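The data block below is run-v9.txt; it holds compact mmCIF, C-alpha atoms.
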```
# COMPACT_ATOMS: atom_id res chain seq x y z
CA MET A 19 5.66 41.97 -34.90
CA PRO A 20 5.29 38.30 -35.88
CA SER A 21 2.35 38.00 -38.20
CA LEU A 22 0.86 35.96 -40.96
CA GLN A 23 -0.24 39.03 -42.78
CA ASN A 24 3.28 40.33 -42.64
CA PRO A 25 5.44 37.22 -42.64
CA ASN A 26 9.12 37.71 -42.21
CA ASN A 27 10.49 37.47 -45.72
CA GLY A 28 13.90 38.58 -44.67
CA ASP A 29 13.02 42.26 -44.67
CA ARG A 30 13.62 42.46 -40.94
CA PRO A 31 15.76 40.49 -38.53
CA SER A 32 14.08 37.62 -36.74
CA ARG A 33 14.08 37.46 -32.99
CA LEU A 34 16.67 34.73 -33.23
CA ALA A 35 18.92 37.05 -35.21
CA LEU A 36 18.23 39.87 -32.77
CA GLY A 37 19.02 37.53 -29.90
CA ARG A 38 22.32 36.63 -31.52
CA LEU A 39 23.07 40.30 -31.98
CA HIS A 40 22.15 41.02 -28.38
CA THR A 41 24.32 38.21 -27.02
CA GLY A 42 27.32 39.18 -29.13
CA GLU A 43 27.35 36.05 -31.26
CA LEU A 44 27.45 37.78 -34.60
CA ALA A 45 30.56 38.66 -36.55
CA ALA A 46 31.04 42.25 -37.61
CA ASP A 47 29.54 41.85 -41.08
CA GLU A 48 26.55 39.90 -39.75
CA ARG A 49 26.05 42.49 -37.07
CA LYS A 50 25.93 45.27 -39.62
CA THR A 51 23.42 43.37 -41.76
CA VAL A 52 21.10 42.88 -38.80
CA GLN A 53 21.47 46.45 -37.60
CA ASP A 54 20.75 47.85 -41.04
CA ALA A 55 17.55 45.83 -41.30
CA MET A 56 16.23 46.67 -37.84
CA THR A 57 12.76 48.11 -37.47
CA ASP A 58 11.05 49.84 -34.57
CA GLY A 59 9.73 46.41 -33.58
CA SER A 60 13.28 45.07 -33.57
CA ARG A 61 14.45 47.84 -31.26
CA ALA A 62 11.44 47.28 -29.00
CA TYR A 63 12.34 43.61 -28.76
CA LEU A 64 15.93 44.44 -27.82
CA ASP A 65 14.56 46.75 -25.14
CA GLU A 66 12.44 43.87 -23.84
CA LEU A 67 15.53 41.68 -23.60
CA GLU A 68 17.29 44.32 -21.53
CA ALA A 69 14.24 44.75 -19.32
CA ILE A 70 13.75 41.08 -18.59
CA LYS A 71 17.27 40.69 -17.23
CA ALA A 72 15.97 41.94 -13.90
CA HIS A 73 13.28 39.24 -13.86
CA THR A 74 15.42 36.32 -14.98
CA PRO A 75 15.98 33.68 -12.29
CA ALA A 76 19.42 33.78 -10.73
CA LEU A 77 21.90 31.07 -11.54
CA GLY A 78 22.24 28.29 -8.97
CA ILE A 79 25.27 26.38 -10.14
CA ALA A 80 25.11 23.49 -7.69
CA GLY A 81 21.38 23.07 -8.26
CA LEU A 82 21.89 22.93 -11.99
CA ARG A 83 24.69 20.41 -11.63
CA THR A 84 22.54 18.28 -9.35
CA ALA A 85 19.68 18.39 -11.81
CA ALA A 86 22.07 17.45 -14.60
CA ASP A 87 23.31 14.51 -12.55
CA LEU A 88 19.76 13.40 -11.89
CA ALA A 89 18.74 13.70 -15.52
CA THR A 90 19.11 10.95 -18.08
CA ASP A 91 18.26 10.72 -21.72
CA SER A 92 16.64 7.30 -21.42
CA THR A 93 13.17 8.50 -22.34
CA ALA A 94 12.45 5.95 -25.03
CA VAL A 95 9.00 4.49 -24.76
CA ILE A 96 7.70 1.02 -25.47
CA PRO A 97 4.20 -0.21 -26.25
CA PRO A 98 2.15 -0.71 -23.10
CA PRO A 99 1.89 -4.20 -21.68
CA ALA A 100 -1.51 -5.84 -22.01
CA ASN A 101 -2.37 -5.59 -18.34
CA ASN A 102 -6.02 -5.27 -17.46
CA TRP A 103 -6.93 -2.69 -14.86
CA LYS A 104 -9.51 -5.08 -13.45
CA MET A 105 -6.67 -7.07 -11.97
CA TYR A 106 -6.46 -4.40 -9.30
CA ILE A 107 -10.03 -4.88 -8.07
CA PRO A 108 -9.16 -7.62 -5.52
CA VAL A 109 -6.23 -5.56 -4.34
CA LEU A 110 -8.39 -2.51 -3.91
CA LEU A 111 -11.02 -4.43 -2.04
CA LEU A 112 -8.37 -5.66 0.35
CA ALA A 113 -6.96 -2.17 0.49
CA ALA A 114 -10.29 -0.69 1.49
CA ILE A 115 -10.37 -3.01 4.47
CA PHE A 116 -6.72 -2.73 5.29
CA VAL A 117 -6.68 1.04 5.17
CA LEU A 118 -8.99 1.30 8.15
CA SER A 119 -6.46 -0.48 10.29
CA ILE A 120 -3.27 1.21 9.14
CA LEU A 121 -4.41 4.71 8.29
CA PRO A 122 -3.72 6.07 11.76
CA THR A 123 -0.21 4.72 11.51
CA LEU A 124 0.33 6.20 8.09
CA LEU A 125 -0.96 9.61 9.02
CA GLY A 126 0.17 9.62 12.60
CA PRO A 127 3.49 10.69 14.00
CA GLU A 128 5.18 12.22 10.96
CA PRO A 129 3.52 15.53 10.20
CA GLY A 130 5.75 16.33 7.29
CA LEU A 131 6.20 13.74 4.66
CA ILE A 132 4.53 10.40 4.74
CA GLY A 133 4.13 7.43 2.52
CA THR A 134 5.62 4.10 1.79
CA ASP A 135 9.01 5.74 1.66
CA GLY A 136 8.08 8.42 4.11
CA GLY A 137 9.98 7.02 7.01
CA GLY A 138 13.23 7.12 5.17
CA SER A 139 13.50 3.39 4.76
CA THR A 140 15.70 2.30 1.93
CA ALA A 141 14.29 -1.23 1.84
CA LEU A 142 12.71 -2.09 -1.46
CA LYS A 143 9.26 -3.52 -1.90
CA GLY A 144 8.68 -7.12 -2.87
CA GLY A 145 8.92 -6.41 -6.60
CA GLY A 146 11.86 -4.10 -6.07
CA ALA A 147 9.85 -1.03 -6.97
CA ALA A 148 10.89 2.17 -5.25
CA LEU A 149 10.34 5.88 -5.83
CA LEU A 150 12.57 8.58 -4.39
CA VAL A 151 11.58 12.25 -4.50
CA TYR A 152 14.10 15.06 -4.21
CA GLN A 153 13.54 18.72 -3.63
CA LEU A 154 15.96 20.87 -5.59
CA HIS A 155 16.43 23.91 -3.45
CA ASN A 156 19.14 26.47 -4.05
CA ASP A 157 22.24 24.35 -4.27
CA GLU A 158 20.91 21.21 -2.64
CA ALA A 159 18.90 18.14 -3.54
CA LEU A 160 17.01 17.01 -0.43
CA ARG A 161 15.15 13.75 -0.04
CA ALA A 162 11.46 14.52 0.30
CA TYR A 163 11.10 12.50 3.50
CA GLU A 164 13.35 14.80 5.44
CA GLY A 165 10.39 16.61 6.90
CA ASN A 166 10.43 19.67 4.73
CA ALA A 167 6.91 20.44 3.61
CA LEU A 168 6.89 21.68 0.04
CA GLY A 169 5.22 24.68 -1.51
CA GLU A 170 4.39 26.36 -4.75
CA GLY A 171 7.41 26.91 -6.92
CA ASP A 172 9.50 24.16 -5.38
CA ALA A 173 11.33 22.08 -7.96
CA LEU A 174 11.39 18.31 -7.61
CA GLY A 175 13.47 15.59 -9.16
CA PHE A 176 12.91 11.84 -9.05
CA ARG A 177 14.84 8.61 -8.90
CA VAL A 178 13.33 5.17 -9.26
CA ASN A 179 14.46 1.65 -8.65
CA SER A 180 12.46 -0.50 -11.01
CA GLY A 181 13.69 -3.78 -9.54
CA SER A 182 12.60 -6.46 -11.98
CA HIS A 183 10.09 -4.16 -13.67
CA THR A 184 10.79 -2.68 -17.07
CA SER A 185 8.54 0.33 -17.51
CA LEU A 186 7.27 3.25 -15.48
CA VAL A 187 4.37 5.67 -15.20
CA LEU A 188 4.88 8.49 -12.70
CA MET A 189 1.85 10.49 -11.59
CA SER A 190 0.69 12.65 -8.74
CA VAL A 191 -2.66 13.24 -7.12
CA ASP A 192 -3.13 16.43 -5.14
CA GLY A 193 -5.43 17.31 -2.27
CA ARG A 194 -8.28 17.97 -4.65
CA GLY A 195 -7.94 14.59 -6.29
CA ALA A 196 -6.50 16.08 -9.50
CA ILE A 197 -4.17 13.63 -11.21
CA THR A 198 -1.16 14.71 -13.25
CA VAL A 199 0.96 12.36 -15.33
CA PHE A 200 4.63 13.40 -15.37
CA TYR A 201 6.19 10.41 -17.07
CA PRO A 202 5.77 9.60 -19.83
CA ARG A 203 5.61 13.16 -21.06
CA GLU A 204 3.27 12.13 -23.86
CA GLY A 205 1.24 9.22 -25.13
CA ASP A 206 0.02 6.14 -23.33
CA ALA A 207 3.20 4.10 -23.43
CA ALA A 208 5.13 3.85 -20.18
CA VAL A 209 8.74 4.98 -19.98
CA GLN A 210 11.08 2.08 -20.61
CA LEU A 211 13.52 1.15 -17.86
CA GLU A 212 16.38 -1.25 -17.90
CA GLY A 213 15.22 -3.22 -14.89
CA THR A 214 18.75 -3.59 -13.56
CA GLY A 215 17.82 -3.09 -9.96
CA GLU A 216 19.82 0.13 -9.89
CA THR A 217 18.35 3.39 -8.70
CA THR A 218 17.92 5.52 -11.81
CA PRO A 219 17.37 9.26 -12.08
CA LEU A 220 14.45 10.42 -14.19
CA PRO A 221 15.06 13.19 -16.72
CA GLY A 222 13.95 16.71 -15.97
CA THR A 223 12.27 18.28 -13.00
CA ILE A 224 8.80 19.46 -12.13
CA VAL A 225 7.72 22.62 -10.37
CA LEU A 226 4.91 22.43 -7.85
CA ASP A 227 1.85 24.60 -8.36
CA GLY A 228 -0.37 26.05 -5.67
CA ALA A 229 -2.69 23.06 -5.35
CA PRO A 230 -3.60 21.98 -1.82
CA GLY A 231 -1.83 19.02 -0.28
CA PRO A 232 -1.05 16.41 0.49
CA GLU A 233 0.35 15.63 -2.94
CA ILE A 234 1.16 12.00 -3.50
CA PHE A 235 3.65 11.00 -6.15
CA VAL A 236 2.96 7.53 -7.41
CA ALA A 237 5.24 5.34 -9.51
CA VAL A 238 3.47 2.48 -11.26
CA PHE A 239 5.68 -0.04 -12.97
CA ASP A 240 4.76 -2.33 -15.86
CA SER A 241 1.51 -0.58 -16.68
CA SER A 242 0.15 1.69 -19.38
CA VAL A 243 -0.74 5.27 -18.53
CA ALA A 244 -4.46 4.58 -18.86
CA GLU A 245 -4.32 1.57 -16.56
CA ALA A 246 -2.15 3.32 -14.01
CA ARG A 247 -4.35 6.38 -14.03
CA THR A 248 -7.52 4.33 -13.62
CA SER A 249 -6.01 2.44 -10.71
CA LEU A 250 -4.95 5.68 -9.06
CA GLU A 251 -8.39 7.18 -9.53
CA GLN A 252 -9.99 4.13 -7.97
CA ALA A 253 -7.57 4.04 -5.06
CA TYR A 254 -8.12 7.74 -4.37
CA SER A 255 -11.88 7.50 -4.67
CA SER A 256 -11.92 4.62 -2.20
CA SER A 257 -10.23 6.38 0.72
CA GLY A 258 -8.50 9.51 -0.52
CA ALA A 259 -4.79 9.81 0.24
CA GLY A 260 -4.92 6.81 2.55
CA GLY A 261 -6.37 4.67 -0.20
CA VAL A 262 -3.54 5.60 -2.54
CA LEU A 263 -0.87 4.87 0.04
CA THR A 264 -2.45 1.55 0.92
CA TRP A 265 -2.62 0.59 -2.72
CA ALA A 266 1.04 1.48 -3.06
CA GLN A 267 1.93 -0.60 -0.02
CA MET A 268 0.09 -3.65 -1.18
CA ALA A 269 0.94 -3.71 -4.87
CA ASP A 270 4.43 -4.87 -5.75
CA ASN A 271 4.53 -2.73 -8.87
CA VAL A 272 3.57 0.53 -7.13
CA ASP A 273 5.37 2.89 -4.81
CA ALA A 274 4.30 6.28 -3.51
CA VAL A 275 5.69 9.26 -1.65
CA SER A 276 3.33 11.74 -0.06
CA VAL A 277 4.38 15.31 0.65
CA GLU A 278 2.61 17.91 2.71
CA ARG A 279 2.05 21.34 1.22
CA ARG A 280 2.73 24.50 3.10
CA MET B 25 35.05 17.84 -20.26
CA SER B 26 32.24 19.45 -18.36
CA LEU B 27 31.83 23.18 -18.20
CA THR B 28 33.59 24.91 -15.34
CA ASP B 29 31.64 27.12 -12.97
CA ALA B 30 33.16 30.15 -14.62
CA GLU B 31 32.14 28.97 -18.09
CA LEU B 32 28.64 28.18 -16.90
CA THR B 33 28.29 31.56 -15.22
CA LYS B 34 29.43 33.33 -18.35
CA LEU B 35 26.97 31.41 -20.52
CA TYR B 36 24.14 32.05 -18.10
CA ASP B 37 24.84 35.76 -17.95
CA GLN B 38 25.00 35.89 -21.71
CA TYR B 39 22.00 33.80 -22.69
CA ALA B 40 19.64 33.05 -19.79
CA HIS B 41 17.49 36.15 -20.11
CA VAL B 42 17.00 35.60 -23.84
CA ILE B 43 15.88 32.02 -23.31
CA TYR B 44 13.72 32.98 -20.34
CA HIS B 45 12.02 35.73 -22.34
CA ARG B 46 11.30 33.33 -25.16
CA CYS B 47 9.96 30.55 -22.92
CA LEU B 48 7.79 33.06 -21.11
CA SER B 49 6.38 34.18 -24.43
CA ILE B 50 5.56 30.65 -25.49
CA LEU B 51 4.35 29.18 -22.21
CA GLY B 52 2.73 32.25 -20.68
CA ASN B 53 3.66 31.12 -17.19
CA GLU B 54 6.62 32.24 -15.12
CA GLU B 55 7.05 28.96 -13.28
CA LEU B 56 7.02 26.95 -16.46
CA ALA B 57 9.40 29.42 -18.07
CA ARG B 58 11.81 29.06 -15.13
CA ASP B 59 11.59 25.31 -15.49
CA ALA B 60 12.25 25.55 -19.22
CA LEU B 61 15.25 27.78 -18.57
CA GLN B 62 16.65 25.31 -16.07
CA GLU B 63 16.05 22.38 -18.39
CA THR B 64 17.86 24.20 -21.17
CA PHE B 65 20.93 24.79 -19.04
CA VAL B 66 20.79 21.25 -17.67
CA LYS B 67 21.05 20.12 -21.29
CA VAL B 68 23.95 22.53 -21.77
CA LEU B 69 25.73 20.88 -18.85
CA ARG B 70 24.93 17.36 -19.92
CA HIS B 71 25.95 17.90 -23.52
CA SER B 72 28.77 20.32 -22.98
CA GLU B 73 30.97 18.65 -25.58
CA ASP B 74 28.32 19.03 -28.28
CA PHE B 75 27.57 22.49 -27.02
CA ARG B 76 31.16 23.67 -27.26
CA GLY B 77 31.15 22.88 -30.97
CA GLN B 78 28.19 25.10 -31.76
CA SER B 79 28.84 28.17 -33.88
CA SER B 80 25.69 29.68 -32.42
CA PRO B 81 25.02 28.59 -28.85
CA LEU B 82 21.77 30.58 -28.90
CA THR B 83 20.46 28.59 -31.86
CA TRP B 84 21.32 25.38 -30.04
CA MET B 85 19.51 26.62 -26.93
CA TYR B 86 16.53 27.65 -29.04
CA ARG B 87 16.17 24.08 -30.26
CA ILE B 88 16.44 22.67 -26.76
CA SER B 89 13.99 25.12 -25.25
CA THR B 90 11.57 24.61 -28.13
CA ASN B 91 11.44 20.90 -27.40
CA HIS B 92 10.85 21.53 -23.73
CA CYS B 93 8.14 24.14 -24.35
CA LEU B 94 6.35 21.88 -26.80
CA ASN B 95 6.43 19.08 -24.26
CA GLN B 96 4.88 21.43 -21.73
CA ILE B 97 2.15 22.40 -24.17
CA ARG B 98 1.56 18.75 -24.97
CA ASN B 99 1.22 17.95 -21.29
CA ARG B 100 -1.18 20.82 -20.86
CA LYS B 101 -4.22 18.56 -20.91
CA GLY B 102 -3.14 16.93 -17.69
CA ARG B 103 -2.10 20.18 -16.15
CA GLN B 104 -4.87 22.48 -17.24
CA GLU B 105 -6.12 23.02 -13.75
CA LYS B 106 -2.59 23.68 -12.57
CA LEU B 107 -1.86 26.52 -14.90
CA HIS B 108 -3.14 29.99 -14.25
CA VAL B 109 -3.17 31.67 -17.59
CA ARG B 110 -4.64 35.13 -17.46
CA ARG B 111 -6.38 36.36 -20.53
CA GLU B 112 -5.01 39.88 -20.19
CA GLU B 113 -1.47 38.58 -20.32
CA ILE B 114 -2.16 36.56 -23.38
CA ILE B 115 -4.58 38.51 -25.48
CA GLY B 116 -3.56 42.03 -24.49
CA GLU B 117 -5.76 45.09 -24.30
CA GLY B 118 -5.73 45.63 -28.03
CA MET B 119 -7.37 42.32 -28.79
CA THR B 120 -11.04 42.69 -29.57
CA ARG B 121 -12.50 39.22 -29.40
CA PRO B 122 -14.18 39.11 -26.03
CA ASP B 123 -16.71 36.48 -27.07
CA GLU B 124 -14.97 33.50 -25.50
CA GLU B 125 -13.02 34.10 -22.31
CA GLY B 126 -9.64 32.59 -22.98
CA GLY B 127 -11.17 30.22 -25.48
CA ASP B 128 -9.32 31.53 -28.50
CA ARG B 129 -5.87 30.95 -27.09
CA ALA B 130 -7.00 27.61 -25.77
CA MET B 131 -8.06 26.70 -29.28
CA ILE B 132 -4.71 27.66 -30.75
CA MET B 133 -2.92 25.70 -28.07
CA THR B 134 -5.23 22.76 -28.67
CA LEU B 135 -4.40 22.95 -32.35
CA LEU B 136 -0.73 22.95 -31.45
CA GLU B 137 -1.27 19.92 -29.24
CA GLY B 138 -2.92 18.10 -32.11
CA ALA B 139 -0.32 19.03 -34.70
CA ASP B 140 2.62 16.83 -35.55
CA GLU B 141 6.03 17.61 -34.08
CA GLU B 142 7.46 19.29 -37.16
CA THR B 143 4.43 21.51 -37.61
CA ARG B 144 4.50 22.56 -33.99
CA LYS B 145 8.12 23.57 -34.27
CA CYS B 146 7.43 25.45 -37.49
CA VAL B 147 4.58 27.36 -35.86
CA VAL B 148 6.61 28.23 -32.77
CA HIS B 149 9.62 29.47 -34.74
CA THR B 150 7.40 31.43 -37.12
CA TYR B 151 5.08 33.13 -34.68
CA PHE B 152 7.10 33.44 -31.52
CA ASP B 153 10.53 33.93 -33.04
CA ASP B 154 9.50 35.79 -36.21
CA CYS B 155 11.88 33.58 -38.14
CA THR B 156 12.04 33.58 -41.90
CA ARG B 157 11.05 30.42 -43.68
CA SER B 158 14.70 29.61 -44.33
CA GLU B 159 15.58 30.12 -40.66
CA VAL B 160 12.72 27.84 -39.66
CA ALA B 161 13.89 25.28 -42.19
CA GLU B 162 17.38 25.31 -40.72
CA LEU B 163 16.14 25.13 -37.13
CA VAL B 164 13.75 22.26 -37.76
CA GLY B 165 15.77 20.46 -40.41
CA LEU B 166 13.21 20.71 -43.20
CA SER B 167 13.17 22.23 -46.66
CA VAL B 168 11.65 25.67 -47.14
CA PRO B 169 8.73 24.33 -49.21
CA THR B 170 7.98 21.78 -46.49
CA VAL B 171 7.98 24.52 -43.87
CA ARG B 172 5.54 26.51 -45.99
CA LYS B 173 3.35 23.43 -46.35
CA ARG B 174 3.37 22.79 -42.60
CA ILE B 175 2.37 26.38 -41.80
CA ASN B 176 -0.39 26.41 -44.39
CA GLY B 177 -1.69 23.11 -43.08
CA PHE B 178 -1.78 24.50 -39.56
CA LEU B 179 -3.70 27.58 -40.70
CA HIS B 180 -6.16 25.45 -42.60
CA ALA B 181 -6.78 23.32 -39.53
CA ALA B 182 -7.11 26.43 -37.39
CA ARG B 183 -9.69 27.96 -39.67
CA GLN B 184 -11.70 24.77 -39.78
CA ALA B 185 -11.56 24.15 -36.07
CA MET B 186 -12.43 27.69 -35.13
CA GLY B 187 -14.99 28.30 -37.80
CA VAL B 188 -13.52 31.73 -38.41
CA GLY B 189 -11.84 33.52 -41.24
CA LEU B 190 -8.15 33.84 -41.85
CA ASP B 191 -8.06 37.34 -40.43
CA ASP B 192 -9.30 36.09 -37.07
CA VAL B 193 -6.65 33.39 -36.95
CA VAL B 194 -4.04 35.96 -37.85
CA LEU B 195 -5.16 38.25 -35.05
CA LEU B 196 -4.98 35.41 -32.58
CA LEU B 197 -1.51 34.39 -33.61
CA ILE B 198 -0.33 37.96 -33.43
CA SER B 199 -1.78 38.23 -29.97
CA LEU B 200 0.23 35.27 -28.73
CA GLY B 201 3.52 37.02 -29.38
CA PRO B 202 4.70 40.46 -28.33
CA ALA B 203 1.51 41.43 -26.53
CA LEU B 204 2.20 38.60 -24.15
CA ASN B 205 5.78 39.68 -23.68
CA ASN B 206 4.85 43.24 -22.85
CA ALA B 207 2.11 42.26 -20.45
CA LEU B 208 4.33 39.83 -18.62
CA LEU B 209 7.20 42.24 -18.42
CA HIS B 210 5.05 44.96 -16.92
CA ALA B 211 3.30 42.55 -14.61
CA GLY B 212 6.50 40.74 -13.78
CA ASP B 213 6.54 41.48 -10.07
CA ALA B 214 2.81 41.22 -9.53
```
Encoded form using structure tokens:
Amino acid sequence: MPSLQNPNNGDRPSRLALGRLHTGELAADERKTVQDAMTDGSRAYLDELEAIKAHTPALGIAGLRTAADLATDSTAVIPPPANNWKMYIPVLLLAAIFVLSILPTLLGPEPGLIGTDGGGSTALKGGGAALLVYQLHNDEALRAYEGNALGEGDALGFRVNSGSHTSLVLMSVDGRGAITVFYPREGDAAVQLEGTGETTPLPGTIVLDGAPGPEIFVAVFDSSVAEARTSLEQAYSSSGAGGVLTWAQMADNVDAVSVERR
Amino acid sequence: MSLTDAELTKLYDQYAHVIYHRCLSILGNEELARDALQETFVKVLRHSEDFRGQSSPLTWMYRISTNHCLNQIRNRKGRQEKLHVRREEIIGEGMTRPDEEGGDRAMIMTLLEGADEETRKCVVHTYFDDCTRSEVAELVGLSVPTVRKRINGFLHAARQAMGVGLDDVVLLLISLGPALNNALLHAGDA
């Protein structure tokens, strides 16, 4: 059992060594060394490895390949630009007025997925900013506007077109108003993008929890995490989901995709 | 050249359950562990050339999954309300510190969040993988004395932050390992 009081000084095989034994990586002499040093705890761990086979997720080859295609390693971060969040106040004021007129349209005929990209349009916004959300399901990657409401456990991948923008913060706000920052994965510096106008996959995937919907994924370009988060909080507090979508429609550096939760 | 479907299937059959077990132990959440498993194999696919050259594919996957798990822990602040960590799965029935419901583990995880990258990796490999100091050194790319220094520094910070003695910290760290595995295994289908 891992312990500080009984640190592993080489008197027993580590779990890494046991894992290598279990997976058949070890040569004969290494295997004998590990087996000779095994304790009851070692054997219990090997039993656990056998037992968890039944609980391990099945392999979905096409899904993995799709996720690998979507992933990139371009996760370098840059210092945040010196934008002031107060610059959004006029936009939000306009948004508060504008939302009353367009909210019925936004929430109207499409019961599944709504948002600035919800209708499936591929046209980019004025600043070129665009966010695409994909559901990775079994062996397929489906665009999130295709009417499939999402649920707990669904895996999502993202692509963005940064247009002329050079950095990204990707967040979501769920039906309770809880905000989660997905990119960057740490710190307050936005993820750097090349700004080539090409649609770029973001690394990794996320798995939805059981939070109530709608969940709105928001891409904010050329902003620090703190500024983007504050703007999202203000947009949500103004008119809920509609406020966020209106903000995304009106700001050139913001795009959003809203998904319903089943 | 990318891995063929047959190669990928063979690797998955051979290693996926080991990586899944480990990620489950560290993250304490089946969904996050599934995500970590997928991310690990996505990296295998994307870096298949590097991967083919590994004498120990499991060691390579350990490094990849460690990075992913630490990122998940680091992102925990923004996801706290989205994770459902049950005390029984983490502490186990044998743990006798009922004074703060879930607070002890939260403290350890908070300490991990605050630690530097190298220390976090040292802690994970030591307490979740039961690695020797030399194994940790090889995995993280540090010298053995530096690993020892990182662990001692973490314990010192833990004691100060928790206001408890070394024995209490030890009990907590023990509780984050196998007890979690057993509880999750037996509650796997719940």
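Excluding Leu27 (chain B) itself and same-chain residues fewer than 6 positions from it, the residues having an atom within 12 Å of it are A:Ile79, A:Leu82, A:Arg83, A:Ala86, B:Thr33, B:Lys34, B:Leu35, B:Tyr36, B:Phe65, B:Val66, B:Lys67, B:Val68, B:Leu69, B:Arg70, B:His71, B:Ser72, B:Glu73, B:Asp74, B:Phe75, B:Arg76, counting all atoms listed in the file.
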Sort by chain and increasing residue number a table of all residues of chain A within 8 Å of chain B, each with its closest pair of atoms and their distance in Å to one decimal, counting all atoms listed in the file, and write it as JSON lines.
```
{"residue": "A:Met19", "atom": "CA", "partner": "B:Pro202", "partner_atom": "CA", "distance": 6.8}
{"residue": "A:Pro20", "atom": "CA", "partner": "B:Asp154", "partner_atom": "CA", "distance": 4.9}
{"residue": "A:Ser21", "atom": "CA", "partner": "B:Ile198", "partner_atom": "CA", "distance": 5.5}
{"residue": "A:Leu22", "atom": "CA", "partner": "B:Val194", "partner_atom": "CA", "distance": 5.8}
{"residue": "A:Gln23", "atom": "CA", "partner": "B:Val194", "partner_atom": "CA", "distance": 6.9}
{"residue": "A:Pro25", "atom": "CA", "partner": "B:Thr156", "partner_atom": "CA", "distance": 7.6}
{"residue": "A:Asn26", "atom": "CA", "partner": "B:Thr156", "partner_atom": "CA", "distance": 5.1}
{"residue": "A:Asn27", "atom": "CA", "partner": "B:Thr156", "partner_atom": "CA", "distance": 5.7}
{"residue": "A:Gly28", "atom": "CA", "partner": "B:Thr156", "partner_atom": "CA", "distance": 6.0}
{"residue": "A:Pro31", "atom": "CA", "partner": "B:Cys155", "partner_atom": "CA", "distance": 7.9}
{"residue": "A:Ser32", "atom": "CA", "partner": "B:Cys155", "partner_atom": "CA", "distance": 4.8}
{"residue": "A:Arg33", "atom": "CA", "partner": "B:Asp153", "partner_atom": "CA", "distance": 5.0}
{"residue": "A:Leu34", "atom": "CA", "partner": "B:Asp153", "partner_atom": "CA", "distance": 6.2}
{"residue": "A:Gly37", "atom": "CA", "partner": "B:Val42", "partner_atom": "CA", "distance": 6.7}
{"residue": "A:Arg38", "atom": "CA", "partner": "B:Leu82", "partner_atom": "CA", "distance": 6.6}
{"residue": "A:Thr41", "atom": "CA", "partner": "B:Gln38", "partner_atom": "CA", "distance": 5.8}
{"residue": "A:Glu43", "atom": "CA", "partner": "B:Ser80", "partner_atom": "CA", "distance": 6.7}
{"residue": "A:Glu66", "atom": "CA", "partner": "B:Asn206", "partner_atom": "CA", "distance": 7.7}
{"residue": "A:Leu67", "atom": "CA", "partner": "B:Val42", "partner_atom": "CA", "distance": 6.3}
{"residue": "A:Ala69", "atom": "CA", "partner": "B:Leu209", "partner_atom": "CA", "distance": 7.5}
{"residue": "A:Ile70", "atom": "CA", "partner": "B:His41", "partner_atom": "CA", "distance": 6.4}
{"residue": "A:Lys71", "atom": "CA", "partner": "B:His41", "partner_atom": "CA", "distance": 5.4}
{"residue": "A:His73", "atom": "CA", "partner": "B:Gly212", "partner_atom": "CA", "distance": 6.9}
{"residue": "A:Thr74", "atom": "CA", "partner": "B:His41", "partner_atom": "CA", "distance": 5.5}
{"residue": "A:Pro75", "atom": "CA", "partner": "B:Arg58", "partner_atom": "CA", "distance": 6.8}
{"residue": "A:Leu77", "atom": "CA", "partner": "B:Tyr36", "partner_atom": "CA", "distance": 7.0}
{"residue": "A:Ile79", "atom": "CA", "partner": "B:Asp29", "partner_atom": "CA", "distance": 7.0}
{"residue": "A:Leu82", "atom": "CA", "partner": "B:Val66", "partner_atom": "CA", "distance": 6.0}
{"residue": "A:Arg83", "atom": "CA", "partner": "B:Val66", "partner_atom": "CA", "distance": 7.2}
{"residue": "A:Ala85", "atom": "CA", "partner": "B:Val66", "partner_atom": "CA", "distance": 6.6}
{"residue": "A:Ala86", "atom": "CA", "partner": "B:Val66", "partner_atom": "CA", "distance": 5.1}
{"residue": "A:Gly171", "atom": "CA", "partner": "B:Glu55", "partner_atom": "CA", "distance": 6.7}
{"residue": "A:Ile197", "atom": "CA", "partner": "B:Gly102", "partner_atom": "CA", "distance": 7.3}
{"residue": "A:Thr198", "atom": "CA", "partner": "B:Gly102", "partner_atom": "CA", "distance": 5.3}
{"residue": "A:Val199", "atom": "CA", "partner": "B:Gly102", "partner_atom": "CA", "distance": 6.6}
{"residue": "A:Arg203", "atom": "CA", "partner": "B:Asn99", "partner_atom": "CA", "distance": 6.5}
{"residue": "A:Glu204", "atom": "CA", "partner": "B:Asn99", "partner_atom": "CA", "distance": 6.7}
{"residue": "A:Gly222", "atom": "CA", "partner": "B:Glu63", "partner_atom": "CA", "distance": 6.5}
{"residue": "A:Thr223", "atom": "CA", "partner": "B:Asp59", "partner_atom": "CA", "distance": 7.5}
{"residue": "A:Ile224", "atom": "CA", "partner": "B:Asp59", "partner_atom": "CA", "distance": 7.3}
{"residue": "A:Val225", "atom": "CA", "partner": "B:Asp59", "partner_atom": "CA", "distance": 7.0}
{"residue": "A:Asp227", "atom": "CA", "partner": "B:Lys106", "partner_atom": "CA", "distance": 6.2}
{"residue": "A:Gly228", "atom": "CA", "partner": "B:Lys106", "partner_atom": "CA", "distance": 7.6}
{"residue": "A:Ala229", "atom": "CA", "partner": "B:Lys106", "partner_atom": "CA", "distance": 7.2}
```
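For the pair CA of Val164 (chain B) and CA of Arg183 (chain B), the interatomic distance is 24.2 Å.
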Listed atoms of region 148-166 of chain B boxed along x, y and z, 6 Å each side, centre and edge lengths in Å, one decimal, as lines of an AutoDock Vina configuration file:
```
center_x = 11.2
center_y = 28.1
center_z = -37.9
size_x = 24.3
size_y = 27.3
size_z = 24.8
```
